[in-house]
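Shown below: protein_36.txt, with compact mmCIF, N, CA and C atoms and all ligand atoms.
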```txt
# COMPACT_ATOMS: atom_id res chain seq x y z
N MET Q 6 39.61 -23.28 -75.72
CA MET Q 6 39.22 -22.07 -76.49
C MET Q 6 40.46 -21.51 -77.19
N ALA Q 7 40.44 -21.45 -78.53
CA ALA Q 7 41.62 -21.03 -79.29
C ALA Q 7 41.76 -19.51 -79.37
N CYS Q 8 40.74 -18.78 -78.91
CA CYS Q 8 40.75 -17.33 -79.09
C CYS Q 8 41.91 -16.68 -78.31
N ILE Q 9 42.75 -15.94 -79.03
CA ILE Q 9 43.94 -15.35 -78.42
C ILE Q 9 43.57 -14.31 -77.35
N PHE Q 10 42.48 -13.57 -77.56
CA PHE Q 10 42.09 -12.58 -76.56
C PHE Q 10 41.53 -13.27 -75.31
N CYS Q 11 40.80 -14.38 -75.48
CA CYS Q 11 40.36 -15.14 -74.30
C CYS Q 11 41.57 -15.65 -73.52
N LYS Q 12 42.61 -16.04 -74.25
CA LYS Q 12 43.82 -16.52 -73.56
C LYS Q 12 44.48 -15.39 -72.76
N ILE Q 13 44.48 -14.19 -73.31
CA ILE Q 13 45.01 -13.04 -72.57
C ILE Q 13 44.14 -12.78 -71.34
N ILE Q 14 42.83 -12.79 -71.53
CA ILE Q 14 41.89 -12.53 -70.43
C ILE Q 14 42.06 -13.57 -69.33
N ASN Q 15 42.31 -14.82 -69.73
CA ASN Q 15 42.48 -15.90 -68.74
C ASN Q 15 43.88 -15.96 -68.15
N GLY Q 16 44.78 -15.08 -68.62
CA GLY Q 16 46.13 -15.04 -68.08
C GLY Q 16 47.07 -16.08 -68.68
N GLU Q 17 46.64 -16.75 -69.75
CA GLU Q 17 47.50 -17.76 -70.38
C GLU Q 17 48.57 -17.12 -71.26
N ILE Q 18 48.27 -15.92 -71.77
CA ILE Q 18 49.22 -15.17 -72.60
C ILE Q 18 49.37 -13.80 -71.95
N PRO Q 19 50.61 -13.29 -71.82
CA PRO Q 19 50.78 -12.00 -71.15
C PRO Q 19 50.31 -10.82 -72.02
N ALA Q 20 49.91 -9.76 -71.34
CA ALA Q 20 49.57 -8.51 -72.03
C ALA Q 20 49.80 -7.38 -71.04
N GLN Q 21 49.91 -6.17 -71.60
CA GLN Q 21 50.08 -4.99 -70.75
C GLN Q 21 48.70 -4.40 -70.46
N VAL Q 22 48.20 -4.76 -69.28
CA VAL Q 22 46.81 -4.48 -68.94
C VAL Q 22 46.66 -3.04 -68.42
N VAL Q 23 45.83 -2.28 -69.11
CA VAL Q 23 45.58 -0.88 -68.75
C VAL Q 23 44.48 -0.78 -67.71
N TYR Q 24 43.49 -1.65 -67.82
CA TYR Q 24 42.35 -1.61 -66.90
C TYR Q 24 41.64 -2.96 -66.95
N GLU Q 25 41.06 -3.32 -65.82
CA GLU Q 25 40.31 -4.58 -65.74
C GLU Q 25 39.22 -4.43 -64.70
N ASP Q 26 38.02 -4.93 -64.99
CA ASP Q 26 36.99 -5.07 -63.95
C ASP Q 26 36.32 -6.42 -64.15
N ASP Q 27 35.18 -6.64 -63.51
CA ASP Q 27 34.56 -7.97 -63.55
C ASP Q 27 34.23 -8.42 -64.97
N SER Q 28 33.81 -7.48 -65.82
CA SER Q 28 33.29 -7.92 -67.13
C SER Q 28 34.09 -7.41 -68.32
N THR Q 29 35.07 -6.52 -68.11
CA THR Q 29 35.81 -5.97 -69.25
C THR Q 29 37.32 -5.94 -68.98
N MET Q 30 38.07 -5.85 -70.06
CA MET Q 30 39.53 -5.71 -69.93
C MET Q 30 40.04 -4.78 -71.02
N ALA Q 31 41.10 -4.04 -70.71
CA ALA Q 31 41.75 -3.16 -71.69
C ALA Q 31 43.25 -3.42 -71.61
N PHE Q 32 43.88 -3.66 -72.78
CA PHE Q 32 45.34 -3.85 -72.79
C PHE Q 32 45.94 -3.21 -74.04
N LEU Q 33 47.24 -2.97 -73.98
CA LEU Q 33 47.92 -2.31 -75.10
C LEU Q 33 47.93 -3.22 -76.33
N ASP Q 34 47.65 -2.63 -77.49
CA ASP Q 34 47.78 -3.35 -78.77
C ASP Q 34 49.27 -3.62 -79.01
N ILE Q 35 49.56 -4.84 -79.46
CA ILE Q 35 50.95 -5.25 -79.64
C ILE Q 35 51.62 -4.51 -80.81
N ASN Q 36 50.82 -4.04 -81.77
CA ASN Q 36 51.34 -3.29 -82.93
C ASN Q 36 50.56 -1.98 -83.05
N PRO Q 37 50.88 -1.00 -82.22
CA PRO Q 37 50.03 0.19 -82.11
C PRO Q 37 50.08 1.12 -83.32
N HIS Q 38 48.93 1.74 -83.61
CA HIS Q 38 48.90 2.84 -84.61
C HIS Q 38 49.62 4.06 -84.05
N SER Q 39 49.46 4.26 -82.74
CA SER Q 39 50.22 5.31 -82.04
C SER Q 39 50.45 4.78 -80.62
N PHE Q 40 51.45 5.31 -79.93
CA PHE Q 40 51.79 4.76 -78.62
C PHE Q 40 50.67 5.02 -77.62
N GLY Q 41 50.26 3.95 -76.96
CA GLY Q 41 49.11 4.02 -76.05
C GLY Q 41 47.85 3.41 -76.65
N HIS Q 42 47.90 3.03 -77.94
CA HIS Q 42 46.79 2.34 -78.62
C HIS Q 42 46.34 1.17 -77.76
N THR Q 43 45.09 1.24 -77.32
CA THR Q 43 44.56 0.27 -76.35
C THR Q 43 43.36 -0.46 -76.93
N LEU Q 44 43.28 -1.75 -76.64
CA LEU Q 44 42.13 -2.57 -77.05
C LEU Q 44 41.24 -2.80 -75.85
N VAL Q 45 39.94 -2.55 -76.02
CA VAL Q 45 38.98 -2.69 -74.92
C VAL Q 45 37.95 -3.75 -75.32
N MET Q 46 37.69 -4.68 -74.44
CA MET Q 46 36.79 -5.79 -74.81
C MET Q 46 36.05 -6.35 -73.61
N PRO Q 47 34.93 -7.04 -73.89
CA PRO Q 47 34.29 -7.80 -72.82
C PRO Q 47 35.13 -9.03 -72.50
N LYS Q 48 35.10 -9.46 -71.24
CA LYS Q 48 35.83 -10.69 -70.88
C LYS Q 48 35.17 -11.92 -71.48
N LYS Q 49 33.83 -11.88 -71.61
CA LYS Q 49 33.12 -13.00 -72.20
C LYS Q 49 33.30 -12.95 -73.71
N HIS Q 50 33.43 -14.10 -74.33
CA HIS Q 50 33.70 -14.14 -75.77
C HIS Q 50 32.43 -13.91 -76.59
N PHE Q 51 32.40 -12.79 -77.31
CA PHE Q 51 31.39 -12.55 -78.33
C PHE Q 51 32.16 -12.16 -79.59
N VAL Q 52 31.67 -12.61 -80.75
CA VAL Q 52 32.45 -12.41 -81.99
C VAL Q 52 32.37 -10.97 -82.46
N ASN Q 53 31.16 -10.45 -82.54
CA ASN Q 53 31.04 -9.11 -83.13
C ASN Q 53 29.97 -8.29 -82.42
N PHE Q 54 29.72 -7.12 -82.97
CA PHE Q 54 28.85 -6.14 -82.35
C PHE Q 54 27.42 -6.66 -82.17
N GLU Q 55 26.87 -7.26 -83.23
CA GLU Q 55 25.48 -7.72 -83.14
C GLU Q 55 25.32 -8.90 -82.20
N ASP Q 56 26.36 -9.69 -82.05
CA ASP Q 56 26.30 -10.85 -81.15
C ASP Q 56 26.26 -10.44 -79.68
N THR Q 57 26.71 -9.24 -79.39
CA THR Q 57 26.99 -8.87 -78.00
C THR Q 57 25.77 -8.22 -77.34
N PRO Q 58 25.33 -8.74 -76.20
CA PRO Q 58 24.16 -8.16 -75.51
C PRO Q 58 24.41 -6.70 -75.12
N GLY Q 59 23.32 -5.94 -75.05
CA GLY Q 59 23.41 -4.51 -74.76
C GLY Q 59 24.11 -4.18 -73.46
N ASP Q 60 23.85 -4.96 -72.40
CA ASP Q 60 24.48 -4.63 -71.11
C ASP Q 60 25.99 -4.85 -71.18
N VAL Q 61 26.41 -5.82 -71.96
CA VAL Q 61 27.86 -6.07 -72.12
C VAL Q 61 28.49 -4.94 -72.93
N LEU Q 62 27.78 -4.52 -73.99
CA LEU Q 62 28.29 -3.39 -74.78
C LEU Q 62 28.39 -2.14 -73.91
N ALA Q 63 27.39 -1.92 -73.08
CA ALA Q 63 27.39 -0.72 -72.23
C ALA Q 63 28.59 -0.74 -71.28
N ALA Q 64 28.86 -1.90 -70.67
CA ALA Q 64 30.00 -2.01 -69.76
C ALA Q 64 31.31 -1.78 -70.53
N THR Q 65 31.36 -2.32 -71.74
CA THR Q 65 32.58 -2.17 -72.54
C THR Q 65 32.81 -0.69 -72.90
N MET Q 66 31.72 0.01 -73.24
CA MET Q 66 31.86 1.43 -73.59
C MET Q 66 32.26 2.27 -72.38
N MET Q 67 31.82 1.87 -71.20
CA MET Q 67 32.26 2.59 -69.99
C MET Q 67 33.77 2.44 -69.81
N THR Q 68 34.29 1.27 -70.17
CA THR Q 68 35.74 1.07 -70.08
C THR Q 68 36.46 1.86 -71.16
N VAL Q 69 35.88 1.94 -72.36
CA VAL Q 69 36.46 2.79 -73.41
C VAL Q 69 36.58 4.22 -72.88
N LYS Q 70 35.52 4.67 -72.22
CA LYS Q 70 35.52 6.04 -71.69
C LYS Q 70 36.64 6.24 -70.65
N LYS Q 71 36.80 5.26 -69.77
CA LYS Q 71 37.86 5.35 -68.76
C LYS Q 71 39.24 5.40 -69.42
N VAL Q 72 39.43 4.57 -70.43
CA VAL Q 72 40.73 4.54 -71.12
C VAL Q 72 40.98 5.88 -71.81
N GLY Q 73 39.97 6.40 -72.49
CA GLY Q 73 40.12 7.70 -73.16
C GLY Q 73 40.51 8.79 -72.18
N ARG Q 74 39.87 8.76 -71.03
CA ARG Q 74 40.17 9.75 -69.98
C ARG Q 74 41.63 9.62 -69.53
N SER Q 75 42.08 8.38 -69.35
CA SER Q 75 43.45 8.17 -68.89
C SER Q 75 44.46 8.63 -69.94
N LEU Q 76 44.15 8.37 -71.23
CA LEU Q 76 45.07 8.81 -72.30
C LEU Q 76 45.20 10.33 -72.27
N LYS Q 77 44.05 11.02 -72.12
CA LYS Q 77 44.08 12.48 -72.10
C LYS Q 77 44.79 13.01 -70.86
N ASP Q 78 44.48 12.41 -69.73
CA ASP Q 78 45.03 12.92 -68.47
C ASP Q 78 46.52 12.59 -68.30
N ASN Q 79 46.92 11.41 -68.79
CA ASN Q 79 48.25 10.91 -68.43
C ASN Q 79 49.24 10.84 -69.58
N LEU Q 80 48.74 10.85 -70.82
CA LEU Q 80 49.66 10.90 -71.97
C LEU Q 80 49.66 12.27 -72.62
N GLY Q 81 48.73 13.12 -72.19
CA GLY Q 81 48.66 14.47 -72.75
C GLY Q 81 48.22 14.49 -74.20
N VAL Q 82 47.44 13.48 -74.63
CA VAL Q 82 47.00 13.48 -76.03
C VAL Q 82 45.86 14.48 -76.21
N SER Q 83 45.74 15.00 -77.45
CA SER Q 83 44.73 16.02 -77.73
C SER Q 83 43.34 15.40 -77.92
N GLY Q 84 43.30 14.13 -78.31
CA GLY Q 84 42.03 13.45 -78.57
C GLY Q 84 42.32 12.01 -78.89
N TYR Q 85 41.27 11.29 -79.24
CA TYR Q 85 41.48 9.88 -79.60
C TYR Q 85 40.36 9.41 -80.51
N ASN Q 86 40.67 8.38 -81.31
CA ASN Q 86 39.66 7.71 -82.12
C ASN Q 86 39.24 6.43 -81.42
N VAL Q 87 37.95 6.09 -81.59
CA VAL Q 87 37.45 4.79 -81.13
C VAL Q 87 36.90 4.09 -82.35
N TYR Q 88 37.39 2.88 -82.64
CA TYR Q 88 36.80 2.13 -83.75
C TYR Q 88 36.74 0.65 -83.44
N GLU Q 89 35.87 -0.01 -84.20
CA GLU Q 89 35.70 -1.46 -84.04
C GLU Q 89 35.57 -2.05 -85.43
N ASN Q 90 36.44 -2.98 -85.77
CA ASN Q 90 36.35 -3.67 -87.06
C ASN Q 90 35.34 -4.80 -86.90
N ASN Q 91 34.22 -4.69 -87.61
CA ASN Q 91 33.12 -5.65 -87.44
C ASN Q 91 33.08 -6.60 -88.63
N ASP Q 92 33.58 -7.81 -88.42
CA ASP Q 92 33.63 -8.89 -89.42
C ASP Q 92 34.88 -8.76 -90.31
N PRO Q 93 35.31 -9.89 -90.88
CA PRO Q 93 36.57 -9.90 -91.63
C PRO Q 93 36.63 -8.89 -92.78
N VAL Q 94 35.52 -8.68 -93.48
CA VAL Q 94 35.55 -7.74 -94.61
C VAL Q 94 35.87 -6.32 -94.15
N ALA Q 95 35.58 -6.05 -92.87
CA ALA Q 95 35.86 -4.73 -92.31
C ALA Q 95 37.21 -4.70 -91.59
N GLY Q 96 37.98 -5.79 -91.74
CA GLY Q 96 39.33 -5.79 -91.16
C GLY Q 96 39.43 -6.46 -89.80
N GLN Q 97 38.35 -7.13 -89.37
CA GLN Q 97 38.43 -7.81 -88.06
C GLN Q 97 39.26 -9.08 -88.21
N ILE Q 98 40.39 -9.10 -87.52
CA ILE Q 98 41.29 -10.26 -87.58
C ILE Q 98 41.04 -11.18 -86.40
N ILE Q 99 40.85 -10.60 -85.22
CA ILE Q 99 40.60 -11.40 -84.01
C ILE Q 99 39.09 -11.44 -83.75
N PRO Q 100 38.47 -12.61 -83.86
CA PRO Q 100 37.00 -12.69 -83.74
C PRO Q 100 36.51 -12.70 -82.29
N HIS Q 101 36.99 -11.73 -81.52
CA HIS Q 101 36.51 -11.49 -80.15
C HIS Q 101 36.29 -9.97 -80.10
N LEU Q 102 35.03 -9.56 -79.96
CA LEU Q 102 34.70 -8.13 -80.03
C LEU Q 102 35.69 -7.27 -79.25
N HIS Q 103 36.20 -6.22 -79.91
CA HIS Q 103 37.12 -5.31 -79.22
C HIS Q 103 37.07 -3.94 -79.88
N PHE Q 104 37.24 -2.92 -79.08
CA PHE Q 104 37.29 -1.55 -79.56
C PHE Q 104 38.72 -1.05 -79.48
N HIS Q 105 39.15 -0.40 -80.55
CA HIS Q 105 40.47 0.22 -80.58
C HIS Q 105 40.33 1.65 -80.08
N VAL Q 106 41.20 2.05 -79.17
CA VAL Q 106 41.24 3.45 -78.70
C VAL Q 106 42.62 3.98 -79.11
N ILE Q 107 42.61 4.96 -80.02
CA ILE Q 107 43.85 5.42 -80.66
C ILE Q 107 44.18 6.84 -80.22
N PRO Q 108 45.25 7.02 -79.47
CA PRO Q 108 45.64 8.39 -79.08
C PRO Q 108 46.00 9.22 -80.31
N ARG Q 109 45.55 10.48 -80.33
CA ARG Q 109 45.83 11.38 -81.45
C ARG Q 109 46.55 12.64 -80.98
N HIS Q 110 47.50 13.06 -81.78
CA HIS Q 110 48.26 14.28 -81.52
C HIS Q 110 48.08 15.20 -82.72
N GLU Q 111 48.28 16.51 -82.51
CA GLU Q 111 48.21 17.46 -83.61
C GLU Q 111 49.17 17.04 -84.72
N ASN Q 112 48.69 17.10 -85.98
CA ASN Q 112 49.53 16.81 -87.15
C ASN Q 112 50.26 15.47 -87.06
N ASP Q 113 49.56 14.45 -86.54
CA ASP Q 113 50.22 13.14 -86.42
C ASP Q 113 50.18 12.34 -87.73
N GLY Q 114 49.48 12.87 -88.73
CA GLY Q 114 49.53 12.24 -90.06
C GLY Q 114 48.71 10.97 -90.19
N LEU Q 115 47.95 10.60 -89.17
CA LEU Q 115 47.13 9.39 -89.29
C LEU Q 115 45.87 9.74 -90.08
N GLU Q 116 45.80 9.25 -91.31
CA GLU Q 116 44.65 9.51 -92.17
C GLU Q 116 43.87 8.22 -92.32
N PHE Q 117 42.55 8.29 -92.24
CA PHE Q 117 41.80 7.04 -92.22
C PHE Q 117 40.96 6.75 -93.46
N TRP Q 118 40.07 7.63 -93.84
CA TRP Q 118 39.04 7.26 -94.80
C TRP Q 118 38.94 8.27 -95.95
N PRO Q 119 38.57 7.76 -97.15
CA PRO Q 119 38.24 8.69 -98.24
C PRO Q 119 36.86 9.32 -97.97
N GLN Q 120 36.57 10.44 -98.61
CA GLN Q 120 35.23 11.04 -98.52
C GLN Q 120 34.65 11.12 -99.91
N LEU Q 121 33.53 10.41 -100.13
CA LEU Q 121 32.89 10.35 -101.44
C LEU Q 121 31.82 11.41 -101.54
N LYS Q 122 31.23 11.55 -102.74
CA LYS Q 122 30.07 12.44 -102.92
C LYS Q 122 28.94 11.60 -103.50
N TYR Q 123 27.71 11.79 -102.98
CA TYR Q 123 26.55 11.13 -103.56
C TYR Q 123 26.19 11.81 -104.87
N GLY Q 124 25.81 11.00 -105.88
CA GLY Q 124 25.23 11.56 -107.10
C GLY Q 124 23.76 11.86 -106.85
N VAL Q 125 23.11 12.47 -107.84
CA VAL Q 125 21.69 12.83 -107.70
C VAL Q 125 20.87 11.57 -107.41
N GLY Q 126 20.10 11.60 -106.34
CA GLY Q 126 19.19 10.49 -106.00
C GLY Q 126 19.85 9.33 -105.27
N GLU Q 127 21.16 9.29 -105.22
CA GLU Q 127 21.83 8.12 -104.63
C GLU Q 127 21.64 8.03 -103.12
N ALA Q 128 21.72 9.15 -102.44
CA ALA Q 128 21.54 9.13 -100.98
C ALA Q 128 20.12 8.67 -100.64
N GLU Q 129 19.13 9.17 -101.42
CA GLU Q 129 17.74 8.79 -101.17
C GLU Q 129 17.54 7.29 -101.41
N ALA Q 130 18.19 6.75 -102.45
CA ALA Q 130 18.05 5.32 -102.76
C ALA Q 130 18.63 4.46 -101.64
N ILE Q 131 19.78 4.88 -101.13
CA ILE Q 131 20.39 4.14 -100.01
C ILE Q 131 19.49 4.24 -98.78
N LEU Q 132 19.02 5.47 -98.52
CA LEU Q 132 18.18 5.69 -97.33
C LEU Q 132 16.92 4.83 -97.38
N SER Q 133 16.31 4.70 -98.56
CA SER Q 133 15.08 3.92 -98.66
C SER Q 133 15.33 2.45 -98.33
N LYS Q 134 16.58 1.99 -98.51
CA LYS Q 134 16.89 0.59 -98.21
C LYS Q 134 17.20 0.36 -96.73
N ILE Q 135 17.87 1.35 -96.10
CA ILE Q 135 18.38 1.07 -94.75
C ILE Q 135 17.59 1.76 -93.65
N LYS Q 136 16.63 2.62 -94.01
CA LYS Q 136 15.87 3.34 -92.98
C LYS Q 136 15.13 2.35 -92.08
N ILE Q 137 15.24 2.57 -90.79
CA ILE Q 137 14.64 1.68 -89.80
C ILE Q 137 13.36 2.32 -89.29
N ASN Q 138 12.26 1.62 -89.49
CA ASN Q 138 10.96 2.21 -89.13
C ASN Q 138 10.54 1.80 -87.72
P1 LIG U 1 41.30 -6.29 -85.46
O1 LIG U 1 41.91 -6.17 -86.82
O2 LIG U 1 40.80 -7.69 -85.19
O3 LIG U 1 40.27 -5.24 -85.20
O4 LIG U 1 42.46 -5.96 -84.46
C1 LIG U 1 43.24 -6.91 -83.83
C2 LIG U 1 44.35 -6.16 -83.10
O5 LIG U 1 44.90 -7.04 -82.15
C3 LIG U 1 45.49 -5.70 -84.01
O6 LIG U 1 45.61 -4.28 -83.91
C4 LIG U 1 46.70 -6.44 -83.47
O7 LIG U 1 47.87 -5.64 -83.45
C5 LIG U 1 46.27 -6.82 -82.06
N1 LIG U 1 46.85 -8.08 -81.58
C6 LIG U 1 46.90 -9.26 -82.25
N2 LIG U 1 47.46 -10.20 -81.49
C7 LIG U 1 47.75 -9.62 -80.30
C8 LIG U 1 48.35 -10.11 -79.10
O8 LIG U 1 48.71 -11.27 -78.96
N3 LIG U 1 48.50 -9.22 -78.08
C9 LIG U 1 48.09 -7.92 -78.19
N4 LIG U 1 48.29 -7.13 -77.13
N5 LIG U 1 47.53 -7.43 -79.31
C10 LIG U 1 47.36 -8.27 -80.36
ZN ZN U 2 37.64 -14.76 -77.12
```
Translate this file's structure into structure tokens.
Ligand code: 5GP
Ligand code: ZN
Amino acid sequence: MACIFCKIINGEIPAQVVYEDDSTMAFLDINPHSFGHTLVMPKKHFVNFEDTPGDVLAATMMTVKKVGRSLKDNLGVSGYNVYENNDPVAGQIIPHLHFHVIPRHENDGLEFWPQLKYGVGEAEAILSKIKIN
């Protein structure tokens, strides 16, 4: 298996492990957005969000929650972002599902996304395409 995260999970490549249980692992990102930036993933290899069964996602999110709690309790951070890059167009470089947990501090200058405005009728047009019945 060429997947670098599977190699970390199997102990073939070292990592700074924040938390581990039977089905999930959390370790420090090698190039953090902020110190304490942690990657949380299932131990079993799934490429992206839709590929991953619900029970595995649920276990992974419980680990995200534990990591967030530890960042707040032990690093004194004010909050954190949780994100997942889903597919290469969205910036996913490692094709093994993982959630980024990013510690945030007041005025840390980390800016993420632009905010657009819908023109007349545009929101309704989008909604008519993606609404799930
Ligand atoms: P993605 O863009 O796929 O959502 O994020 C991949 C993340 O994995 C990046 O933030 C990158 O810094 C991190 N990363 C890549 N290779 C390694 C590695 O070998 N060890 C660790 N700890 N993190 C890695
Ligand atoms: Zn993998």
Shortest contact to ligand LIG 1 (chain U), candidates Q:Pro100, Q:Gly73, Q:Pro108, Q:Gly84, atoms counted all atoms listed in the file, goes to Q:Pro100
Spatial neighbours of His42 of chain Q, 8 Å, only C-alpha atoms, chain gap at least 5 places, as an MDAnalysis selection string: chainID Q and resid 33:34 37 105:108
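You will find atom C9 of ligand LIG 1 (chain U) at 14.2 Å from atom C of Pro47 of chain Q.
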In terms of the shortest atom-to-atom distance over all atoms listed in the file, which of Q:Leu44, Q:Val125, Q:Ala64, Q:Ile98 is closest to ligand LIG 1 (chain U)? Q:Ile98
Distance limit 6.5 Å, reference ligand ZN 2 (chain U), atoms considered: all atoms listed in the file. Which residues make the cut? Give them as a count of residues only. 11
In segment 36-126 of chain Q, what's strand (DSSP E) per DSSP? Answer as a list in words?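 Secondary structure check on segment 36-126 of chain Q, strand (DSSP E): Thr43, Leu44, Val45, Met46, Pro47, Gly84, Tyr85, Asn86, Val87, Tyr88, Phe104, His105, Val106, Ile107, Pro108 and Arg109 of chain Q.
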Within 5 Å of (37.2, -1.2, -79.0) in the file's own coordinates, which protein, DNA or RNA residues have an atom, counting only N, CA and C atoms? List them as a PDB file with N, CA and C atoms, in the coordinates of the input.
```pdb
ATOM      1  N   VAL Q  45      39.940  -2.550 -76.020  1.00  0.00           N
ATOM      2  CA  VAL Q  45      38.980  -2.690 -74.920  1.00  0.00           C
ATOM      3  C   VAL Q  45      37.950  -3.750 -75.320  1.00  0.00           C
ATOM      4  N   TYR Q  88      37.390   2.880 -82.640  1.00  0.00           N
ATOM      5  CA  TYR Q  88      36.800   2.130 -83.750  1.00  0.00           C
ATOM      6  C   TYR Q  88      36.740   0.650 -83.440  1.00  0.00           C
ATOM      7  N   HIS Q 103      36.200  -6.220 -79.910  1.00  0.00           N
ATOM      8  CA  HIS Q 103      37.120  -5.310 -79.220  1.00  0.00           C
ATOM      9  C   HIS Q 103      37.070  -3.940 -79.880  1.00  0.00           C
ATOM     10  N   PHE Q 104      37.240  -2.920 -79.080  1.00  0.00           N
ATOM     11  CA  PHE Q 104      37.290  -1.550 -79.560  1.00  0.00           C
ATOM     12  C   PHE Q 104      38.720  -1.050 -79.480  1.00  0.00           C
ATOM     13  N   HIS Q 105      39.150  -0.400 -80.550  1.00  0.00           N
ATOM     14  CA  HIS Q 105      40.470   0.220 -80.580  1.00  0.00           C
ATOM     15  C   HIS Q 105      40.330   1.650 -80.080  1.00  0.00           C
TER      16      HIS Q 105
END
```
Using only C-alpha atoms and all ligand atoms, which residues of the polymer chains come no farther than 6 Å from ligand LIG 1 (chain U)? I'd like the answer as an MDAnalysis selection string. chainID Q and resid 20 33:36 90 96:99
For N, CA and C atoms, I'd like the residues from the last selection saved as a compact mmCIF listing (two decimals), in the coordinates of the input.
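selection_14.txt, freshly written:
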```txt
# COMPACT_ATOMS: atom_id res chain seq x y z
N ALA Q 20 49.91 -9.76 -71.34
CA ALA Q 20 49.57 -8.51 -72.03
C ALA Q 20 49.80 -7.38 -71.04
N LEU Q 33 47.24 -2.97 -73.98
CA LEU Q 33 47.92 -2.31 -75.10
C LEU Q 33 47.93 -3.22 -76.33
N ASP Q 34 47.65 -2.63 -77.49
CA ASP Q 34 47.78 -3.35 -78.77
C ASP Q 34 49.27 -3.62 -79.01
N ILE Q 35 49.56 -4.84 -79.46
CA ILE Q 35 50.95 -5.25 -79.64
C ILE Q 35 51.62 -4.51 -80.81
N ASN Q 36 50.82 -4.04 -81.77
CA ASN Q 36 51.34 -3.29 -82.93
C ASN Q 36 50.56 -1.98 -83.05
N ASN Q 90 36.44 -2.98 -85.77
CA ASN Q 90 36.35 -3.67 -87.06
C ASN Q 90 35.34 -4.80 -86.90
N GLY Q 96 37.98 -5.79 -91.74
CA GLY Q 96 39.33 -5.79 -91.16
C GLY Q 96 39.43 -6.46 -89.80
N GLN Q 97 38.35 -7.13 -89.37
CA GLN Q 97 38.43 -7.81 -88.06
C GLN Q 97 39.26 -9.08 -88.21
N ILE Q 98 40.39 -9.10 -87.52
CA ILE Q 98 41.29 -10.26 -87.58
C ILE Q 98 41.04 -11.18 -86.40
N ILE Q 99 40.85 -10.60 -85.22
CA ILE Q 99 40.60 -11.40 -84.01
C ILE Q 99 39.09 -11.44 -83.75
```
Check the smallest atom-to-atom distance from each of Q:Asp113, Q:Asp26, Q:Met46, Q:Glu17 to Val69 of chain Q using only N, CA and C atoms, then report the winner.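 Of Q:Asp113, Q:Asp26, Q:Met46, Q:Glu17, the one nearest Val69 of chain Q is Q:Met46, counting only N, CA and C atoms.
Going from atom CA of Glu25 of chain Q to atom CA of Val94 of chain Q covers 29.4 Å.
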Dump segment 80-84 of chain Q with all heavy atoms to a file, as a PDB file, in the first residue's frame.
```
ATOM      1  N   LEU Q  80      -3.584  23.612  25.223  1.00  0.00           N
ATOM      2  CA  LEU Q  80      -2.811  24.649  24.515  1.00  0.00           C
ATOM      3  C   LEU Q  80      -3.377  26.035  24.779  1.00  0.00           C
ATOM      4  O   LEU Q  80      -2.822  27.029  24.325  1.00  0.00           O
ATOM      5  CB  LEU Q  80      -2.812  24.403  22.994  1.00  0.00           C
ATOM      6  CG  LEU Q  80      -1.815  23.411  22.418  1.00  0.00           C
ATOM      7  CD1 LEU Q  80      -1.829  23.498  20.888  1.00  0.00           C
ATOM      8  CD2 LEU Q  80      -0.397  23.669  22.924  1.00  0.00           C
ATOM      9  N   GLY Q  81      -4.534  26.078  25.428  1.00  0.00           N
ATOM     10  CA  GLY Q  81      -5.150  27.364  25.745  1.00  0.00           C
ATOM     11  C   GLY Q  81      -5.639  28.108  24.516  1.00  0.00           C
ATOM     12  O   GLY Q  81      -5.694  29.335  24.507  1.00  0.00           O
ATOM     13  N   VAL Q  82      -5.999  27.369  23.443  1.00  0.00           N
ATOM     14  CA  VAL Q  82      -6.481  28.059  22.242  1.00  0.00           C
ATOM     15  C   VAL Q  82      -7.925  28.514  22.457  1.00  0.00           C
ATOM     16  O   VAL Q  82      -8.677  27.912  23.224  1.00  0.00           O
ATOM     17  CB  VAL Q  82      -6.360  27.177  20.978  1.00  0.00           C
ATOM     18  CG1 VAL Q  82      -4.943  26.649  20.801  1.00  0.00           C
ATOM     19  CG2 VAL Q  82      -7.338  26.023  21.003  1.00  0.00           C
ATOM     20  N   SER Q  83      -8.302  29.589  21.742  1.00  0.00           N
ATOM     21  CA  SER Q  83      -9.643  30.156  21.917  1.00  0.00           C
ATOM     22  C   SER Q  83     -10.691  29.356  21.143  1.00  0.00           C
ATOM     23  O   SER Q  83     -11.877  29.420  21.439  1.00  0.00           O
ATOM     24  CB  SER Q  83      -9.676  31.593  21.408  1.00  0.00           C
ATOM     25  OG  SER Q  83      -8.594  32.315  21.914  1.00  0.00           O
ATOM     26  N   GLY Q  84     -10.263  28.662  20.092  1.00  0.00           N
ATOM     27  CA  GLY Q  84     -11.183  27.896  19.258  1.00  0.00           C
ATOM     28  C   GLY Q  84     -10.380  27.140  18.224  1.00  0.00           C
ATOM     29  O   GLY Q  84      -9.144  27.164  18.239  1.00  0.00           O
TER      30      GLY Q  84
END
```
